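Here is the structure we will look at.
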Amino acid sequence: MVTKNQNKTIATDNDVGSYLNSIEGEEKRKDSIRLDGLFQKITKNDPMMWGKTIVGYGSYHYIYDSGREGDMCRAGFSARKNALTLYCMSGFSQQDDLLKKLGSHKVGKSCLYIKRLSDIDMDILAQIIQKDWDYMNKKYPK
């Protein structure tokens with residue numbers, strides 16, 4: 001049972017390969033495996049499952065002003081029903097120029113939603129992930 005101040009999404013020992021191979025839809029499964037390779041190349045971290053559906057790379061400890069604290073992956077993604085969701089913890093306020101060149105996507109506060117990798121420029125995506133990774137490593141030194 002998760003208590004009020006406990007993070008619902010925690011690192012698990014679940015197998016990343018099993019998750020990736022279980023993703024429904026051949027294109028989404030192949031895109032997810034490709035994303036895993038890209039994240040591993042950029043982060044130089046092995047993937048780890050966070051909860052049941054987030055493939056994460058690295059981790060950091062946060063403490064909010066409210067006192068709530070926890071751990072989360074520094075970067076990651078999940079193959080959701082409607083889109084591939086990339087978690088960019090630094091947000092997108094500094095990435096407007098790259099987002100304009102990316103291709104078809106949507107953004108949330110710290111999520112980048114992509115229907116399929118064939119809709120975007122993979123070199124631009126790599127730059128976005130790298131910029132976010134660098135930001136997280138500067139803000140939360142290991």
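By convention here, the chains of the structure tokens are called A, B, ... in the order presented, each chain's residues are numbered starting at 1, and ligands are numbered starting at 1 in the order presented.
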For this session: Identify, on the basis of only C-alpha atoms, every residue whose closest approach to Pro47 (chain A) does not exceed 7 Å; exclude the query and any residue fewer than 5 positions from it along the same chain; express the result as an NGL selection string.
Result: :A and (16 or 55-57)
Generate the output file for the selected residues, all heavy atoms, as an mmCIF file, in the first residue's frame.
```cif
data_model
loop_
_atom_site.group_PDB
_atom_site.id
_atom_site.type_symbol
_atom_site.label_atom_id
_atom_site.label_comp_id
_atom_site.auth_asym_id
_atom_site.auth_seq_id
_atom_site.Cartn_x
_atom_site.Cartn_y
_atom_site.Cartn_z
ATOM 1 N N VAL A 16 13.379 -5.309 -18.051
ATOM 2 C CA VAL A 16 13.131 -4.329 -19.115
ATOM 3 C C VAL A 16 12.856 -5.030 -20.441
ATOM 4 O O VAL A 16 11.920 -4.676 -21.158
ATOM 5 C CB VAL A 16 14.320 -3.346 -19.255
ATOM 6 C CG1 VAL A 16 14.139 -2.440 -20.464
ATOM 7 C CG2 VAL A 16 14.472 -2.523 -17.986
ATOM 8 N N VAL A 55 10.433 2.837 -18.534
ATOM 9 C CA VAL A 55 11.824 2.418 -18.674
ATOM 10 C C VAL A 55 12.660 3.646 -18.334
ATOM 11 O O VAL A 55 12.570 4.667 -19.019
ATOM 12 C CB VAL A 55 12.123 1.931 -20.113
ATOM 13 C CG1 VAL A 55 13.584 1.501 -20.227
ATOM 14 C CG2 VAL A 55 11.185 0.794 -20.509
ATOM 15 N N GLY A 56 13.433 3.556 -17.270
ATOM 16 C CA GLY A 56 14.171 4.712 -16.789
ATOM 17 C C GLY A 56 15.669 4.511 -16.817
ATOM 18 O O GLY A 56 16.168 3.384 -16.807
ATOM 19 N N TYR A 57 16.375 5.638 -16.818
ATOM 20 C CA TYR A 57 17.838 5.653 -16.890
ATOM 21 C C TYR A 57 18.353 6.579 -15.810
ATOM 22 O O TYR A 57 17.964 7.741 -15.733
ATOM 23 C CB TYR A 57 18.288 6.127 -18.280
ATOM 24 C CG TYR A 57 17.642 5.291 -19.348
ATOM 25 C CD1 TYR A 57 16.366 5.611 -19.798
ATOM 26 C CD2 TYR A 57 18.260 4.154 -19.840
ATOM 27 C CE1 TYR A 57 15.725 4.815 -20.732
ATOM 28 C CE2 TYR A 57 17.623 3.356 -20.774
ATOM 29 C CZ TYR A 57 16.357 3.688 -21.215
ATOM 30 O OH TYR A 57 15.716 2.892 -22.127
#
```
Problem set entry | Selection near region 132-139 of chain A, 9 Å with only C-alpha atoms, sequence-local residues under 2 positions removed, as a ChimeraX atom specification | /A:42-43,60,74-75,88-92,127-130,141-142
For this session: Mind checking which residues fall within 12 Å of Val107 (chain A), counting only C-alpha atoms, ignoring those fewer than 5 positions away in the same chain, and posting them as a PyMOL selection string?
Result: chain A and resi 83-88+91-93+95-96+99-100+102+112-115
Go ahead and save the residues from that selection, with all heavy atoms, as a CSV table (one decimal), in the first residue's frame.
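See out_11.csv below for the written result:
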```
chain,number,residue,atom,x,y,z
A,83,ALA,N,0.4,7.0,-27.3
A,83,ALA,CA,1.7,7.6,-27.7
A,83,ALA,C,2.8,7.1,-27.0
A,83,ALA,O,2.7,6.5,-25.9
A,83,ALA,CB,1.6,9.1,-27.6
A,84,LEU,N,4.0,7.2,-27.5
A,84,LEU,CA,5.2,7.0,-26.8
A,84,LEU,C,5.4,8.3,-25.9
A,84,LEU,O,5.4,9.4,-26.4
A,84,LEU,CB,6.4,6.9,-27.7
A,84,LEU,CG,6.4,5.6,-28.6
A,84,LEU,CD1,7.4,5.8,-29.7
A,84,LEU,CD2,6.6,4.4,-27.8
A,85,THR,N,5.6,8.1,-24.6
A,85,THR,CA,5.7,9.2,-23.7
A,85,THR,C,7.2,9.2,-23.2
A,85,THR,O,7.6,8.3,-22.6
A,85,THR,CB,4.8,9.0,-22.5
A,85,THR,OG1,3.4,8.9,-23.0
A,85,THR,CG2,4.9,10.2,-21.5
A,86,LEU,N,7.8,10.3,-23.5
A,86,LEU,CA,9.2,10.5,-23.0
A,86,LEU,C,9.2,11.5,-21.8
A,86,LEU,O,8.5,12.5,-21.9
A,86,LEU,CB,10.1,11.1,-24.1
A,86,LEU,CG,10.5,10.0,-25.2
A,86,LEU,CD1,9.4,9.6,-26.1
A,86,LEU,CD2,11.7,10.6,-26.0
A,87,TYR,N,9.8,11.1,-20.8
A,87,TYR,CA,9.9,11.9,-19.6
A,87,TYR,C,11.1,12.8,-19.6
A,87,TYR,O,12.2,12.3,-19.5
A,87,TYR,CB,9.8,11.1,-18.3
A,87,TYR,CG,8.5,10.3,-18.3
A,87,TYR,CD1,8.5,8.9,-18.8
A,87,TYR,CD2,7.3,10.8,-17.9
A,87,TYR,CE1,7.4,8.2,-18.8
A,87,TYR,CE2,6.2,10.1,-17.9
A,87,TYR,CZ,6.2,8.8,-18.4
A,87,TYR,OH,5.0,8.0,-18.4
A,88,CYS,N,10.9,14.1,-19.8
A,88,CYS,CA,12.0,15.1,-19.8
A,88,CYS,C,11.9,15.9,-18.5
A,88,CYS,O,11.1,16.9,-18.5
A,88,CYS,CB,11.9,15.9,-21.0
A,88,CYS,SG,12.1,15.0,-22.5
A,91,GLY,N,11.7,19.8,-18.3
A,91,GLY,CA,10.7,20.5,-18.9
A,91,GLY,C,11.2,21.0,-20.3
A,91,GLY,O,12.2,20.5,-20.8
A,92,PHE,N,10.4,21.9,-20.9
A,92,PHE,CA,10.7,22.2,-22.3
A,92,PHE,C,10.9,23.7,-22.5
A,92,PHE,O,11.0,24.2,-23.6
A,92,PHE,CB,9.6,21.7,-23.2
A,92,PHE,CG,9.5,20.3,-23.2
A,92,PHE,CD1,8.4,19.7,-22.4
A,92,PHE,CD2,10.3,19.4,-23.8
A,92,PHE,CE1,8.3,18.3,-22.3
A,92,PHE,CE2,10.2,18.1,-23.7
A,92,PHE,CZ,9.2,17.5,-23.0
A,93,SER,N,11.0,24.5,-21.4
A,93,SER,CA,11.1,26.0,-21.6
A,93,SER,C,12.3,26.4,-22.3
A,93,SER,O,12.3,27.5,-23.0
A,93,SER,CB,11.0,26.6,-20.2
A,93,SER,OG,12.1,26.2,-19.4
A,95,GLN,N,13.7,24.6,-24.8
A,95,GLN,CA,13.9,23.7,-26.0
A,95,GLN,C,13.0,24.1,-27.1
A,95,GLN,O,12.8,23.2,-28.0
A,95,GLN,CB,13.7,22.3,-25.5
A,95,GLN,CG,14.7,21.9,-24.4
A,95,GLN,CD,15.2,20.4,-24.6
A,95,GLN,OE1,15.3,19.9,-25.6
A,95,GLN,NE2,15.4,19.8,-23.4
A,96,ASP,N,12.4,25.3,-27.1
A,96,ASP,CA,11.5,25.6,-28.2
A,96,ASP,C,12.1,25.5,-29.6
A,96,ASP,O,11.4,25.0,-30.5
A,96,ASP,CB,11.0,27.1,-28.0
A,96,ASP,CG,10.0,27.2,-26.9
A,96,ASP,OD1,9.4,26.2,-26.5
A,96,ASP,OD2,9.8,28.4,-26.4
A,99,LEU,N,12.1,21.8,-30.5
A,99,LEU,CA,10.8,21.2,-30.6
A,99,LEU,C,10.2,21.6,-32.0
A,99,LEU,O,9.5,20.9,-32.6
A,99,LEU,CB,9.9,21.7,-29.5
A,99,LEU,CG,10.2,21.0,-28.1
A,99,LEU,CD1,9.4,21.7,-27.0
A,99,LEU,CD2,10.0,19.5,-28.2
A,100,LYS,N,10.5,22.8,-32.4
A,100,LYS,CA,10.0,23.3,-33.7
A,100,LYS,C,10.5,22.4,-34.9
A,100,LYS,O,9.9,22.3,-35.9
A,100,LYS,CB,10.3,24.8,-34.0
A,100,LYS,CG,9.6,25.7,-33.1
A,100,LYS,CD,10.0,27.2,-33.3
A,100,LYS,CE,9.4,28.1,-32.3
A,100,LYS,NZ,9.9,29.5,-32.4
A,102,LEU,N,11.4,19.2,-34.5
A,102,LEU,CA,11.3,17.7,-34.1
A,102,LEU,C,10.3,17.0,-35.1
A,102,LEU,O,10.6,15.9,-35.5
A,102,LEU,CB,10.8,17.6,-32.7
A,102,LEU,CG,10.6,16.2,-32.2
A,102,LEU,CD1,11.9,15.4,-32.2
A,102,LEU,CD2,10.0,16.2,-30.8
A,112,LEU,N,6.9,14.4,-23.3
A,112,LEU,CA,6.9,14.6,-24.8
A,112,LEU,C,6.2,13.4,-25.3
A,112,LEU,O,6.5,12.3,-25.0
A,112,LEU,CB,8.4,14.6,-25.3
A,112,LEU,CG,8.6,14.7,-26.8
A,112,LEU,CD1,8.0,16.0,-27.3
A,112,LEU,CD2,10.1,14.6,-27.1
A,113,TYR,N,5.1,13.7,-26.1
A,113,TYR,CA,4.3,12.6,-26.6
A,113,TYR,C,4.5,12.5,-28.1
A,113,TYR,O,4.4,13.5,-28.9
A,113,TYR,CB,2.8,12.9,-26.4
A,113,TYR,CG,2.5,13.1,-24.9
A,113,TYR,CD1,2.3,14.4,-24.4
A,113,TYR,CD2,2.3,12.0,-24.1
A,113,TYR,CE1,2.0,14.6,-23.1
A,113,TYR,CE2,2.0,12.2,-22.7
A,113,TYR,CZ,1.9,13.5,-22.2
A,113,TYR,OH,1.6,13.7,-20.9
A,114,ILE,N,4.9,11.3,-28.6
A,114,ILE,CA,5.1,11.0,-30.0
A,114,ILE,C,4.4,9.8,-30.4
A,114,ILE,O,4.4,8.7,-29.7
A,114,ILE,CB,6.7,10.8,-30.2
A,114,ILE,CG1,7.5,12.0,-29.7
A,114,ILE,CG2,6.9,10.4,-31.6
A,114,ILE,CD1,9.0,11.7,-29.6
A,115,LYS,N,3.6,9.9,-31.5
A,115,LYS,CA,2.8,8.7,-31.9
A,115,LYS,C,3.8,7.6,-32.4
A,115,LYS,O,3.6,6.4,-32.1
A,115,LYS,CB,1.9,9.1,-33.1
A,115,LYS,CG,0.7,10.0,-32.6
A,115,LYS,CD,-0.4,9.1,-32.1
A,115,LYS,CE,-1.6,9.9,-31.8
A,115,LYS,NZ,-2.6,9.2,-31.1
```
For this session: Tell me, in Å to one decimal, how far CA of His105 (chain A) is from CA of Leu117 (chain A).
Result: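 A separation of 9.9 Å between them.
Closest approach to Arg29 (chain A) among A:Gln94, A:Asn45, A:Asn14, A:Ser78 is made by A:Ser78 (distances from only C-alpha atoms).
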For this session: Mind the document's chain letters and residue numbers, and return as a PyMOL selection string the residues of region 22-56 of chain A that DSSP labels alpha helix (DSSP H).
Result: chain A and resi 22+26-43
For this session: Mind the document's chain letters and residue numbers, and return as a PyMOL selection string the residues of region 52-88 of chain A that DSSP labels strand (DSSP E or B).
Result: chain A and resi 54-57+60-63+69-72+75-79+84-88
